[in-house]
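Structure below is upload-v7.cif: mmCIF, C-alpha atoms.
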data_final
loop_
_atom_site.label_atom_id
_atom_site.label_comp_id
_atom_site.auth_asym_id
_atom_site.auth_seq_id
_atom_site.Cartn_x
_atom_site.Cartn_y
_atom_site.Cartn_z
CA MET A 1 30.58 15.24 -35.94
CA ALA A 2 31.10 12.07 -34.00
CA ILE A 3 27.56 11.38 -32.89
CA LYS A 4 27.25 7.76 -31.96
CA ILE A 5 24.13 6.21 -33.35
CA LYS A 6 24.04 3.10 -31.16
CA PRO A 7 23.05 4.68 -27.82
CA ILE A 8 20.22 6.55 -29.54
CA LEU A 9 19.00 3.40 -31.23
CA VAL A 10 19.16 1.29 -28.06
CA LEU A 11 17.28 3.89 -26.03
CA GLY A 12 14.70 4.34 -28.76
CA ILE A 13 14.13 0.63 -29.16
CA THR A 14 13.87 0.14 -25.39
CA CYS A 15 11.19 2.83 -25.20
CA GLY A 16 9.39 1.27 -28.17
CA ILE A 17 9.34 -2.21 -26.64
CA SER A 18 8.25 -0.81 -23.29
CA SER A 19 5.37 1.18 -24.81
CA PHE A 20 4.28 -1.83 -26.85
CA LEU A 21 4.30 -4.12 -23.81
CA LEU A 22 2.41 -1.64 -21.65
CA THR A 23 -0.22 -1.08 -24.36
CA ARG A 24 -0.80 -4.82 -24.66
CA VAL A 25 -0.93 -5.35 -20.90
CA TYR A 26 -3.38 -2.47 -20.59
CA GLN A 27 -5.57 -3.97 -23.33
CA TRP A 28 -5.62 -7.29 -21.50
CA THR A 29 -6.26 -5.89 -18.07
CA GLY A 30 -7.98 -2.51 -18.50
CA GLU A 31 -11.50 -3.85 -18.77
CA LYS A 32 -10.99 -6.24 -15.86
CA ILE A 33 -9.60 -3.42 -13.71
CA GLU A 34 -12.67 -1.30 -14.43
CA ARG A 35 -14.93 -4.22 -13.53
CA GLN A 36 -13.06 -4.81 -10.25
CA LYS A 37 -13.40 -1.13 -9.36
CA GLU A 38 -17.11 -1.20 -10.15
CA LYS A 39 -17.50 -4.32 -7.98
CA ALA A 40 -15.62 -2.71 -5.09
CA LEU A 41 -17.85 0.37 -5.36
CA GLN A 42 -21.03 -1.74 -5.35
CA GLU A 43 -19.75 -3.62 -2.30
CA ALA A 44 -19.01 -0.39 -0.44
CA LEU A 45 -22.45 1.00 -1.34
CA SER A 46 -24.35 -2.06 -0.16
CA TYR A 47 -22.25 -2.15 2.98
CA VAL A 48 -23.31 1.34 4.08
CA LEU A 49 -26.91 1.04 2.84
CA PRO A 50 -27.80 -2.65 3.21
CA SER A 51 -31.52 -2.25 2.44
CA ALA A 52 -30.88 -1.11 -1.14
CA VAL A 53 -30.34 -3.54 -4.02
CA ARG A 54 -29.83 -1.04 -6.80
CA PHE A 55 -27.94 2.24 -6.79
CA GLU A 56 -28.27 5.22 -9.05
CA LYS A 57 -25.38 7.58 -9.41
CA VAL A 58 -26.32 11.24 -9.06
CA ASP A 59 -22.82 12.63 -9.07
CA THR A 60 -19.42 11.44 -7.92
CA SER A 61 -20.26 11.95 -4.26
CA LEU A 62 -23.95 11.00 -4.21
CA PHE A 63 -25.90 7.81 -4.93
CA PHE A 64 -29.58 7.02 -4.42
CA GLY A 65 -30.48 3.53 -3.22
CA TYR A 66 -33.60 1.60 -4.30
CA ASN A 67 -35.11 -1.69 -3.12
CA GLU A 68 -36.50 -4.53 -5.29
CA ARG A 69 -39.78 -2.69 -5.86
CA GLY A 70 -37.95 0.37 -7.08
CA GLU A 71 -38.76 2.46 -4.02
CA LYS A 72 -36.14 4.85 -2.76
CA VAL A 73 -34.77 3.54 0.53
CA GLY A 74 -32.05 6.07 1.17
CA LEU A 75 -28.92 7.62 -0.21
CA VAL A 76 -25.18 7.23 0.07
CA PHE A 77 -22.89 10.24 0.14
CA SER A 78 -19.16 10.63 0.37
CA SER A 79 -17.40 13.34 2.27
CA ALA A 80 -13.76 14.24 2.89
CA PRO A 81 -13.34 16.38 6.02
CA ARG A 82 -9.86 17.50 7.01
CA GLY A 83 -8.41 15.27 9.69
CA TYR A 84 -5.16 15.58 11.56
CA ALA A 85 -2.83 14.58 8.73
CA GLY A 86 -4.98 14.90 5.61
CA PRO A 87 -8.50 14.43 4.31
CA ILE A 88 -10.49 11.53 5.73
CA LEU A 89 -12.56 9.87 3.04
CA ILE A 90 -15.94 8.82 4.37
CA ILE A 91 -18.75 6.93 2.64
CA CYS A 92 -21.94 7.18 4.61
CA GLY A 93 -25.39 5.64 4.12
CA LEU A 94 -28.52 7.54 5.08
CA GLY A 95 -31.87 5.76 5.51
CA ILE A 96 -35.12 7.27 4.24
CA ASP A 97 -35.88 8.36 7.85
CA GLY A 98 -32.70 10.46 7.91
CA ARG A 99 -30.80 8.10 10.20
CA ILE A 100 -27.31 6.75 9.55
CA THR A 101 -27.33 3.19 8.21
CA GLY A 102 -23.62 2.55 7.79
CA ILE A 103 -20.20 4.18 7.50
CA ARG A 104 -17.03 3.15 5.78
CA ILE A 105 -13.77 5.09 6.00
CA ALA A 106 -11.03 4.72 3.38
CA SER A 107 -8.12 2.49 4.42
CA PRO A 108 -4.49 3.66 4.61
CA ALA A 109 -4.03 2.09 1.16
CA GLU A 110 -6.77 4.39 -0.13
CA GLY A 111 -5.24 7.58 1.22
CA PHE A 112 -6.09 7.56 4.93
CA LYS A 113 -3.27 9.32 6.76
CA GLU A 114 -4.26 9.65 10.43
CA THR A 115 -1.67 8.63 13.04
CA PRO A 116 -1.45 4.83 13.26
CA GLY A 117 -2.63 3.63 16.66
CA LEU A 118 -4.35 6.91 17.55
CA GLY A 119 -6.34 8.67 14.84
CA SER A 120 -6.50 5.45 12.85
CA LYS A 121 -8.97 4.13 15.44
CA VAL A 122 -11.75 6.21 13.86
CA ARG A 123 -11.95 3.44 11.25
CA GLU A 124 -12.78 0.84 13.89
CA LYS A 125 -16.19 -0.55 14.66
CA ASP A 126 -16.16 0.60 18.29
CA PHE A 127 -16.06 4.20 17.16
CA LEU A 128 -18.20 4.03 14.02
CA SER A 129 -21.01 1.97 15.57
CA GLN A 130 -21.82 5.02 17.72
CA PHE A 131 -23.16 6.78 14.63
CA LEU A 132 -25.60 4.09 13.53
CA GLY A 133 -29.24 5.09 13.79
CA LYS A 134 -28.41 8.59 15.01
CA GLU A 135 -30.05 11.81 13.88
CA LYS A 136 -27.96 14.73 12.80
CA GLU A 137 -28.30 16.86 15.97
CA LYS A 138 -26.69 14.11 18.02
CA ILE A 139 -23.69 13.66 15.72
CA ARG A 140 -21.29 15.82 17.70
CA LEU A 141 -18.63 14.97 20.24
CA LYS A 142 -19.95 14.72 23.81
CA ARG A 143 -18.04 17.82 24.88
CA GLU A 144 -19.95 19.75 22.21
CA GLY A 145 -23.33 18.50 23.37
CA GLY A 146 -23.63 15.46 21.11
CA GLU A 147 -23.58 11.74 21.78
CA ILE A 148 -20.29 10.62 20.20
CA SER A 149 -17.39 9.65 22.47
CA ALA A 150 -14.11 10.87 20.98
CA ILE A 151 -11.13 8.55 20.77
CA THR A 152 -8.58 9.25 23.50
CA ALA A 153 -5.70 11.40 22.21
CA ALA A 154 -7.34 11.66 18.78
CA THR A 155 -9.89 14.45 19.21
CA ILE A 156 -9.08 16.10 15.90
CA SER A 157 -9.65 12.93 13.88
CA SER A 158 -12.81 12.11 15.86
CA LYS A 159 -14.18 15.60 15.39
CA ALA A 160 -13.40 15.60 11.68
CA VAL A 161 -15.40 12.41 11.18
CA CYS A 162 -18.37 13.85 13.13
CA GLU A 163 -18.30 17.10 11.18
CA GLY A 164 -17.95 15.36 7.84
CA ILE A 165 -20.92 13.12 8.52
CA ARG A 166 -23.12 15.80 10.08
CA LYS A 167 -22.49 18.28 7.29
CA GLY A 168 -23.15 15.59 4.72
CA VAL A 169 -26.46 14.74 6.36
CA GLU A 170 -27.44 18.42 6.53
CA ARG A 171 -26.60 18.88 2.90
CA TYR A 172 -28.27 15.82 1.45
CA GLU A 173 -31.22 14.95 3.73
CA ARG A 174 -33.66 17.13 1.83
CA LEU A 175 -33.05 14.92 -1.21
CA LEU A 176 -34.61 11.98 0.63
CA ARG A 177 -38.11 13.30 0.10
CA MET B 1 33.83 -24.77 -6.80
CA LYS B 2 31.88 -22.85 -9.42
CA LYS B 3 28.61 -24.11 -7.96
CA LEU B 4 29.62 -23.07 -4.47
CA SER B 5 30.46 -19.50 -5.45
CA ARG B 6 27.21 -19.23 -7.36
CA LEU B 7 25.18 -20.17 -4.32
CA SER B 8 27.09 -17.57 -2.35
CA TYR B 9 25.44 -14.87 -4.51
CA LEU B 10 22.19 -16.09 -3.06
CA TRP B 11 23.44 -16.53 0.47
CA ASN B 12 25.32 -13.20 0.63
CA GLY B 13 22.17 -11.17 0.11
CA ILE B 14 20.61 -12.49 3.27
CA ILE B 15 23.27 -11.55 5.85
CA LEU B 16 26.73 -10.53 4.59
CA GLU B 17 25.41 -8.17 1.91
CA ASN B 18 21.96 -7.55 3.30
CA PRO B 19 20.61 -4.57 1.35
CA ILE B 20 19.18 -2.76 4.37
CA LEU B 21 21.48 -3.70 7.22
CA ILE B 22 24.85 -3.86 5.45
CA LEU B 23 24.59 -1.99 2.13
CA MET B 24 22.23 0.52 3.80
CA ILE B 25 20.14 1.14 0.69
CA GLY B 26 16.37 1.24 0.31
CA LEU B 27 15.90 2.70 3.79
CA CYS B 28 13.03 5.00 2.77
CA PRO B 29 10.53 2.30 1.77
CA THR B 30 11.75 0.23 4.68
CA LEU B 31 10.86 2.91 7.22
CA ALA B 32 7.63 3.89 5.50
CA THR B 33 6.13 0.45 5.01
CA SER B 34 7.20 -1.54 8.06
CA LEU B 35 4.41 -0.32 10.33
CA SER B 36 2.88 -3.78 10.60
CA ALA B 37 3.86 -7.34 9.83
CA ARG B 38 1.39 -7.54 6.96
CA ASP B 39 2.58 -4.32 5.35
CA GLY B 40 6.23 -5.33 5.67
CA LEU B 41 5.66 -8.74 4.13
CA GLY B 42 3.55 -7.20 1.35
CA MET B 43 6.17 -4.65 0.39
CA GLY B 44 8.86 -7.33 0.55
CA ILE B 45 7.01 -9.65 -1.82
CA ALA B 46 6.05 -6.91 -4.28
CA ALA B 47 9.60 -5.55 -4.42
CA SER B 48 11.05 -9.05 -4.77
CA PHE B 49 9.09 -9.62 -7.99
CA VAL B 50 10.56 -6.50 -9.48
CA ILE B 51 14.13 -6.97 -8.21
CA ILE B 52 14.35 -10.52 -9.59
CA GLY B 53 12.58 -9.66 -12.85
CA SER B 54 14.60 -6.55 -13.62
CA ASN B 55 17.86 -8.32 -12.71
CA ILE B 56 17.11 -11.07 -15.24
CA ILE B 57 16.18 -8.67 -18.04
CA VAL B 58 19.05 -6.27 -17.43
CA SER B 59 21.42 -9.22 -17.48
CA LEU B 60 19.89 -10.46 -20.77
CA VAL B 61 20.36 -7.15 -22.55
CA ARG B 62 23.67 -6.16 -20.94
CA ARG B 63 25.74 -6.79 -24.10
CA VAL B 64 23.60 -4.57 -26.34
CA VAL B 65 23.20 -1.61 -23.99
CA PRO B 66 26.06 0.92 -24.27
CA GLU B 67 27.55 2.32 -21.03
CA ASN B 68 26.37 5.88 -21.54
CA VAL B 69 22.64 5.10 -21.81
CA ARG B 70 22.50 2.22 -19.36
CA ILE B 71 20.83 4.12 -16.49
CA PRO B 72 17.84 5.37 -18.56
CA VAL B 73 17.48 1.90 -20.04
CA PHE B 74 17.45 0.34 -16.55
CA ILE B 75 14.86 2.84 -15.38
CA ILE B 76 12.60 2.08 -18.36
CA ILE B 77 12.93 -1.66 -17.75
CA ILE B 78 12.17 -1.29 -14.04
CA SER B 79 9.21 1.03 -14.47
CA THR B 80 7.75 -1.16 -17.21
CA PHE B 81 8.03 -4.10 -14.85
CA VAL B 82 6.41 -2.21 -12.01
CA THR B 83 3.52 -1.07 -14.20
CA ILE B 84 2.90 -4.60 -15.45
CA VAL B 85 2.88 -5.91 -11.86
CA ASP B 86 0.51 -3.07 -10.90
CA TYR B 87 -2.01 -3.78 -13.70
CA THR B 88 -1.86 -7.53 -13.21
CA LEU B 89 -2.50 -7.29 -9.48
CA GLN B 90 -5.39 -4.88 -10.04
CA ALA B 91 -7.04 -7.04 -12.66
CA TYR B 92 -6.52 -10.56 -11.35
CA PHE B 93 -5.72 -10.28 -7.63
CA PRO B 94 -7.87 -7.44 -6.29
CA GLU B 95 -7.64 -8.78 -2.73
CA LEU B 96 -3.87 -8.73 -2.82
CA TYR B 97 -3.92 -5.35 -4.54
CA ARG B 98 -5.91 -3.90 -1.67
CA VAL B 99 -3.00 -4.78 0.62
CA LEU B 100 -0.03 -4.17 -1.70
CA GLY B 101 -1.51 -1.51 -3.99
CA VAL B 102 -0.07 1.44 -2.19
CA PHE B 103 3.45 -0.01 -2.25
CA VAL B 104 3.68 -1.00 -5.88
CA PRO B 105 4.39 2.48 -7.34
CA LEU B 106 6.91 3.00 -4.52
CA ILE B 107 9.04 0.17 -5.86
CA VAL B 108 10.25 2.32 -8.76
CA VAL B 109 12.07 4.57 -6.31
CA ASN B 110 13.41 1.67 -4.26
CA CYS B 111 17.12 2.02 -4.93
CA ILE B 112 17.79 -1.67 -4.26
CA VAL B 113 16.26 -2.41 -7.67
CA LEU B 114 18.39 0.06 -9.61
CA GLY B 115 21.35 -0.69 -7.34
CA ARG B 116 21.37 -4.39 -8.20
CA ALA B 117 20.83 -3.73 -11.92
CA GLU B 118 23.79 -1.35 -11.97
CA ALA B 119 26.15 -3.12 -9.55
CA PHE B 120 25.49 -6.72 -10.48
CA ALA B 121 23.17 -7.65 -13.33
CA TYR B 122 24.92 -5.38 -15.87
CA ARG B 123 28.13 -7.34 -15.34
CA HIS B 124 26.98 -10.92 -14.73
CA GLY B 125 25.16 -13.74 -16.47
CA VAL B 126 21.46 -14.49 -16.24
CA ILE B 127 21.63 -17.31 -13.69
CA ASP B 128 23.99 -15.41 -11.41
CA SER B 129 21.81 -12.32 -11.69
CA PHE B 130 18.74 -14.32 -10.83
CA LEU B 131 20.46 -15.77 -7.76
CA ASP B 132 21.71 -12.34 -6.73
CA GLY B 133 18.22 -10.84 -7.13
CA LEU B 134 16.68 -13.70 -5.17
CA GLY B 135 19.22 -13.32 -2.36
CA LYS B 136 18.86 -9.56 -2.08
CA SER B 137 15.08 -9.89 -2.22
CA LEU B 138 15.11 -12.44 0.58
CA GLY B 139 17.39 -10.21 2.65
CA PHE B 140 15.16 -7.19 2.06
CA THR B 141 11.91 -9.07 2.71
CA LEU B 142 13.27 -10.69 5.86
CA VAL B 143 14.36 -7.39 7.42
CA ILE B 144 11.31 -5.36 6.45
CA PHE B 145 9.00 -8.14 7.67
CA LEU B 146 10.88 -8.47 10.95
CA MET B 147 10.72 -4.72 11.49
CA GLY B 148 7.00 -4.68 10.77
CA LEU B 149 6.48 -7.53 13.22
CA ILE B 150 8.43 -5.78 16.00
CA ARG B 151 6.97 -2.32 15.41
CA GLU B 152 3.42 -3.63 15.27
CA PHE B 153 3.94 -5.66 18.43
CA LEU B 154 5.52 -2.86 20.46
CA ALA B 155 3.08 -0.18 19.34
CA GLN B 156 -0.20 -2.06 19.23
CA GLY B 157 0.42 -5.41 20.91
CA THR B 158 -0.88 -7.35 17.91
CA PHE B 159 0.46 -10.02 15.55
CA PHE B 160 -0.74 -9.65 11.93
CA GLY B 161 -3.56 -7.51 13.32
CA LYS B 162 -4.66 -10.28 15.70
CA SER B 163 -4.91 -9.63 19.39
CA LEU B 164 -2.43 -11.53 21.57
CA GLY B 165 -4.34 -10.79 24.75
CA LEU B 166 -1.73 -8.32 25.99
CA SER B 167 -4.16 -5.60 27.03
CA PHE B 168 -1.46 -3.35 28.54
CA LEU B 169 0.28 -3.06 25.16
CA GLU B 170 -2.99 -2.65 23.27
CA LYS B 171 -4.13 0.18 25.53
CA GLN B 172 -0.83 1.95 26.04
CA GLY B 173 1.57 0.76 23.32
CA ILE B 174 4.86 2.42 22.51
CA LEU B 175 3.51 4.56 19.67
CA PHE B 176 6.95 6.08 19.23
CA MET B 177 7.88 2.90 17.36
CA LEU B 178 5.45 3.77 14.57
CA PHE B 179 7.14 7.08 13.80
CA PRO B 180 10.30 7.38 11.70
CA PRO B 181 12.65 7.85 14.71
CA GLY B 182 11.41 4.55 16.13
CA GLY B 183 12.06 2.91 12.77
CA PHE B 184 15.60 4.28 12.62
CA LEU B 185 16.23 3.11 16.16
CA LEU B 186 15.10 -0.39 15.23
CA ILE B 187 17.25 -0.45 12.07
CA GLY B 188 20.21 0.56 14.25
CA LEU B 189 19.55 -2.18 16.77
CA LEU B 190 19.17 -4.83 14.06
CA LYS B 191 22.36 -3.63 12.40
CA ALA B 192 24.21 -3.89 15.71
CA LEU B 193 23.01 -7.49 16.07
CA VAL B 194 24.11 -8.40 12.55
CA ASN B 195 27.49 -6.70 12.99
CA LYS B 196 28.08 -8.73 16.13
CA TYR B 197 27.24 -11.91 14.26
CA ILE B 198 29.54 -11.02 11.35
CA LYS B 199 32.45 -10.19 13.66
CA ARG B 200 32.13 -13.53 15.40
CA GLU B 201 32.27 -15.30 12.06
#

Show the structure stored in the file as structure tokens.
Amino acid sequence: MAIKIKPILVLGITCGISSFLLTRVYQWTGEKIERQKEKALQEALSYVLPSAVRFEKVDTSLFFGYNERGEKVGLVFSSAPRGYAGPILIICGLGIDGRITGIRIASPAEGFKETPGLGSKVREKDFLSQFLGKEKEKIRLKREGGEISAITAATISSKAVCEGIRKGVERYERLLR
Amino acid sequence: MKKLSRLSYLWNGIILENPILILMIGLCPTLATSLSARDGLGMGIAASFVIIGSNIIVSLVRRVVPENVRIPVFIIIISTFVTIVDYTLQAYFPELYRVLGVFVPLIVVNCIVLGRAEAFAYRHGVIDSFLDGLGKSLGFTLVIFLMGLIREFLAQGTFFGKSLGLSFLEKQGILFMLFPPGGFLLIGLLKALVNKYIKRE
């Protein structure tokens, strides 16, 4: 029985030190990380629904927005339609009149996988500004009778964004009243 | 003489032992994250932290770690390092994290890190290991940044996301360069250039 004790000890101690360090680092940073995430969420919410100053979480994909007087001014929903290479994460603001107030699409760092240079253009202002102020019937590609111009060579991504937003509006607009 | 050879550890990493172009390791993250100049530079900087840090620590503990458990010990050291970098960036540099965040977990699988720990730091002193890590990091960062710059320019006609006024490239860029075959082609071309330079030396 020639089991060497040293390798076991070294490995065990290494794991121990590593766990200790990571626990400490997590204790130092965990709270700050949560706060940064909360801040990023608030920023995204006020970006897509600028008229609201306070948001109330309904569930993970739905927030109501209120102004200073506590009146409901709209809602923010998230949606993840299937694009060309994966889900496209969309956060969309809906005014109390049922019109789109703002859209933000997750960046490649947040899981956006559409083809760079083609499908990735759905994140750009030129494309997204078409949706602002529109009612749900008009949120379709032009070839399908709507008012949204698709991005050249990226019809699938363009269509996915339209569908995701339109379906979200259809699903949540009744909650505005 | 001793000083000169020490500096060569640093210098070698940039051209003569460039991790990507000569040692041909770490190609996966290189292809995946050199789509734009900003991404390339970001990945380079994030990986450099870990390469240099893990080289120093592996070198410090090299006398206590027995041969037969060295690889698991290296992996634990590297992944601890990566996790600390990840948490720190998230908590204190959220802006930077938004750019680098996606690359940080990828560093664990970057074989340059383990490669240097195994091939160099386990057998050399702390200062030499630091210089070696710095050199290899510079070599890696330089190449991945250059590739990002070239691929971004050819495919989208931009420089760090800024328009250069070349509307023909912006409208009809060579999108092929953004796909893995384009990346491989570019690595090949850069390698040819470096080989030519080395031969002339």

Enumerate, as a VMD selection string, the residues matched when the PyMOL selection byres ((chain A) within 12 of (chain B)) is run on the file above. chain A and resid 4 to 40 106 to 112 115 to 121 151 to 153

Once you have the residues from the selection above, write them out as a PDB file, in the coordinates of the input, restricted to C-alpha atoms.
ATOM      1  CA  LYS A   4      27.250   7.760 -31.960  1.00  0.00           C
ATOM      2  CA  ILE A   5      24.130   6.210 -33.350  1.00  0.00           C
ATOM      3  CA  LYS A   6      24.040   3.100 -31.160  1.00  0.00           C
ATOM      4  CA  PRO A   7      23.050   4.680 -27.820  1.00  0.00           C
ATOM      5  CA  ILE A   8      20.220   6.550 -29.540  1.00  0.00           C
ATOM      6  CA  LEU A   9      19.000   3.400 -31.230  1.00  0.00           C
ATOM      7  CA  VAL A  10      19.160   1.290 -28.060  1.00  0.00           C
ATOM      8  CA  LEU A  11      17.280   3.890 -26.030  1.00  0.00           C
ATOM      9  CA  GLY A  12      14.700   4.340 -28.760  1.00  0.00           C
ATOM     10  CA  ILE A  13      14.130   0.630 -29.160  1.00  0.00           C
ATOM     11  CA  THR A  14      13.870   0.140 -25.390  1.00  0.00           C
ATOM     12  CA  CYS A  15      11.190   2.830 -25.200  1.00  0.00           C
ATOM     13  CA  GLY A  16       9.390   1.270 -28.170  1.00  0.00           C
ATOM     14  CA  ILE A  17       9.340  -2.210 -26.640  1.00  0.00           C
ATOM     15  CA  SER A  18       8.250  -0.810 -23.290  1.00  0.00           C
ATOM     16  CA  SER A  19       5.370   1.180 -24.810  1.00  0.00           C
ATOM     17  CA  PHE A  20       4.280  -1.830 -26.850  1.00  0.00           C
ATOM     18  CA  LEU A  21       4.300  -4.120 -23.810  1.00  0.00           C
ATOM     19  CA  LEU A  22       2.410  -1.640 -21.650  1.00  0.00           C
ATOM     20  CA  THR A  23      -0.220  -1.080 -24.360  1.00  0.00           C
ATOM     21  CA  ARG A  24      -0.800  -4.820 -24.660  1.00  0.00           C
ATOM     22  CA  VAL A  25      -0.930  -5.350 -20.900  1.00  0.00           C
ATOM     23  CA  TYR A  26      -3.380  -2.470 -20.590  1.00  0.00           C
ATOM     24  CA  GLN A  27      -5.570  -3.970 -23.330  1.00  0.00           C
ATOM     25  CA  TRP A  28      -5.620  -7.290 -21.500  1.00  0.00           C
ATOM     26  CA  THR A  29      -6.260  -5.890 -18.070  1.00  0.00           C
ATOM     27  CA  GLY A  30      -7.980  -2.510 -18.500  1.00  0.00           C
ATOM     28  CA  GLU A  31     -11.500  -3.850 -18.770  1.00  0.00           C
ATOM     29  CA  LYS A  32     -10.990  -6.240 -15.860  1.00  0.00           C
ATOM     30  CA  ILE A  33      -9.600  -3.420 -13.710  1.00  0.00           C
ATOM     31  CA  GLU A  34     -12.670  -1.300 -14.430  1.00  0.00           C
ATOM     32  CA  ARG A  35     -14.930  -4.220 -13.530  1.00  0.00           C
ATOM     33  CA  GLN A  36     -13.060  -4.810 -10.250  1.00  0.00           C
ATOM     34  CA  LYS A  37     -13.400  -1.130  -9.360  1.00  0.00           C
ATOM     35  CA  GLU A  38     -17.110  -1.200 -10.150  1.00  0.00           C
ATOM     36  CA  LYS A  39     -17.500  -4.320  -7.980  1.00  0.00           C
ATOM     37  CA  ALA A  40     -15.620  -2.710  -5.090  1.00  0.00           C
ATOM     38  CA  ALA A 106     -11.030   4.720   3.380  1.00  0.00           C
ATOM     39  CA  SER A 107      -8.120   2.490   4.420  1.00  0.00           C
ATOM     40  CA  PRO A 108      -4.490   3.660   4.610  1.00  0.00           C
ATOM     41  CA  ALA A 109      -4.030   2.090   1.160  1.00  0.00           C
ATOM     42  CA  GLU A 110      -6.770   4.390  -0.130  1.00  0.00           C
ATOM     43  CA  GLY A 111      -5.240   7.580   1.220  1.00  0.00           C
ATOM     44  CA  PHE A 112      -6.090   7.560   4.930  1.00  0.00           C
ATOM     45  CA  THR A 115      -1.670   8.630  13.040  1.00  0.00           C
ATOM     46  CA  PRO A 116      -1.450   4.830  13.260  1.00  0.00           C
ATOM     47  CA  GLY A 117      -2.630   3.630  16.660  1.00  0.00           C
ATOM     48  CA  LEU A 118      -4.350   6.910  17.550  1.00  0.00           C
ATOM     49  CA  GLY A 119      -6.340   8.670  14.840  1.00  0.00           C
ATOM     50  CA  SER A 120      -6.500   5.450  12.850  1.00  0.00           C
ATOM     51  CA  LYS A 121      -8.970   4.130  15.440  1.00  0.00           C
ATOM     52  CA  ILE A 151     -11.130   8.550  20.770  1.00  0.00           C
ATOM     53  CA  THR A 152      -8.580   9.250  23.500  1.00  0.00           C
ATOM     54  CA  ALA A 153      -5.700  11.400  22.210  1.00  0.00           C
TER      55      ALA A 153
END

Residues near Leu10 of chain B, anyone? I mean within 8 Å using all atoms listed in the file, not counting same-chain ones fewer than 6 positions away, as a ChimeraX atom specification. /B:131-136

Run the PyMOL selection byres ((chain B and resi 33) around 9) against the file shown and list the residues it catches, as JSON, numbers by chain. {"B": [28, 29, 30, 31, 32, 34, 35, 36, 39, 40, 42, 43, 103, 144, 148]}

Once the PyMOL selection byres ((chain A and resi 80) around 9) has been applied to the shown file, what residues remain in the selection, as a PyMOL selection string? chain A and resi 78-79+81-83+87-91+160-161+164

What does the structure give for the distance between atom CA of Val76 of chain A and atom CA of Phe63 of chain A, in Å to one decimal?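 Interatomic distance here is 5.1 Å.
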
Using the atoms already present, construct N, CA and C atoms for segment 35-46 of chain B and hand them back as a JSON list (two decimals), in the coordinates of the input.
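Produced file out.json, reproduced below:
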[["chain", "number", "residue", "atom", "x", "y", "z"],
["B", 35, "LEU", "N", 5.21, -0.67, 9.15],
["B", 35, "LEU", "CA", 4.41, -0.32, 10.33],
["B", 35, "LEU", "C", 3.70, -1.54, 10.90],
["B", 36, "SER", "N", 3.49, -2.56, 10.07],
["B", 36, "SER", "CA", 2.88, -3.78, 10.60],
["B", 36, "SER", "C", 3.47, -4.96, 9.85],
["B", 37, "ALA", "N", 3.29, -6.14, 10.43],
["B", 37, "ALA", "CA", 3.86, -7.34, 9.83],
["B", 37, "ALA", "C", 3.32, -7.55, 8.43],
["B", 38, "ARG", "N", 2.01, -7.31, 8.26],
["B", 38, "ARG", "CA", 1.39, -7.54, 6.96],
["B", 38, "ARG", "C", 1.92, -6.58, 5.92],
["B", 39, "ASP", "N", 2.05, -5.32, 6.28],
["B", 39, "ASP", "CA", 2.58, -4.32, 5.35],
["B", 39, "ASP", "C", 4.01, -4.66, 4.95],
["B", 40, "GLY", "N", 4.82, -5.03, 5.94],
["B", 40, "GLY", "CA", 6.23, -5.33, 5.67],
["B", 40, "GLY", "C", 6.35, -6.50, 4.71],
["B", 41, "LEU", "N", 5.61, -7.56, 4.99],
["B", 41, "LEU", "CA", 5.66, -8.74, 4.13],
["B", 41, "LEU", "C", 5.18, -8.38, 2.72],
["B", 42, "GLY", "N", 4.10, -7.59, 2.64],
["B", 42, "GLY", "CA", 3.55, -7.20, 1.35],
["B", 42, "GLY", "C", 4.56, -6.44, 0.51],
["B", 43, "MET", "N", 5.18, -5.44, 1.11],
["B", 43, "MET", "CA", 6.17, -4.65, 0.39],
["B", 43, "MET", "C", 7.32, -5.54, -0.04],
["B", 44, "GLY", "N", 7.75, -6.43, 0.86],
["B", 44, "GLY", "CA", 8.86, -7.33, 0.55],
["B", 44, "GLY", "C", 8.56, -8.18, -0.67],
["B", 45, "ILE", "N", 7.36, -8.77, -0.71],
["B", 45, "ILE", "CA", 7.01, -9.65, -1.82],
["B", 45, "ILE", "C", 6.91, -8.87, -3.13],
["B", 46, "ALA", "N", 6.22, -7.70, -3.06],
["B", 46, "ALA", "CA", 6.05, -6.91, -4.28],
["B", 46, "ALA", "C", 7.39, -6.46, -4.83]]
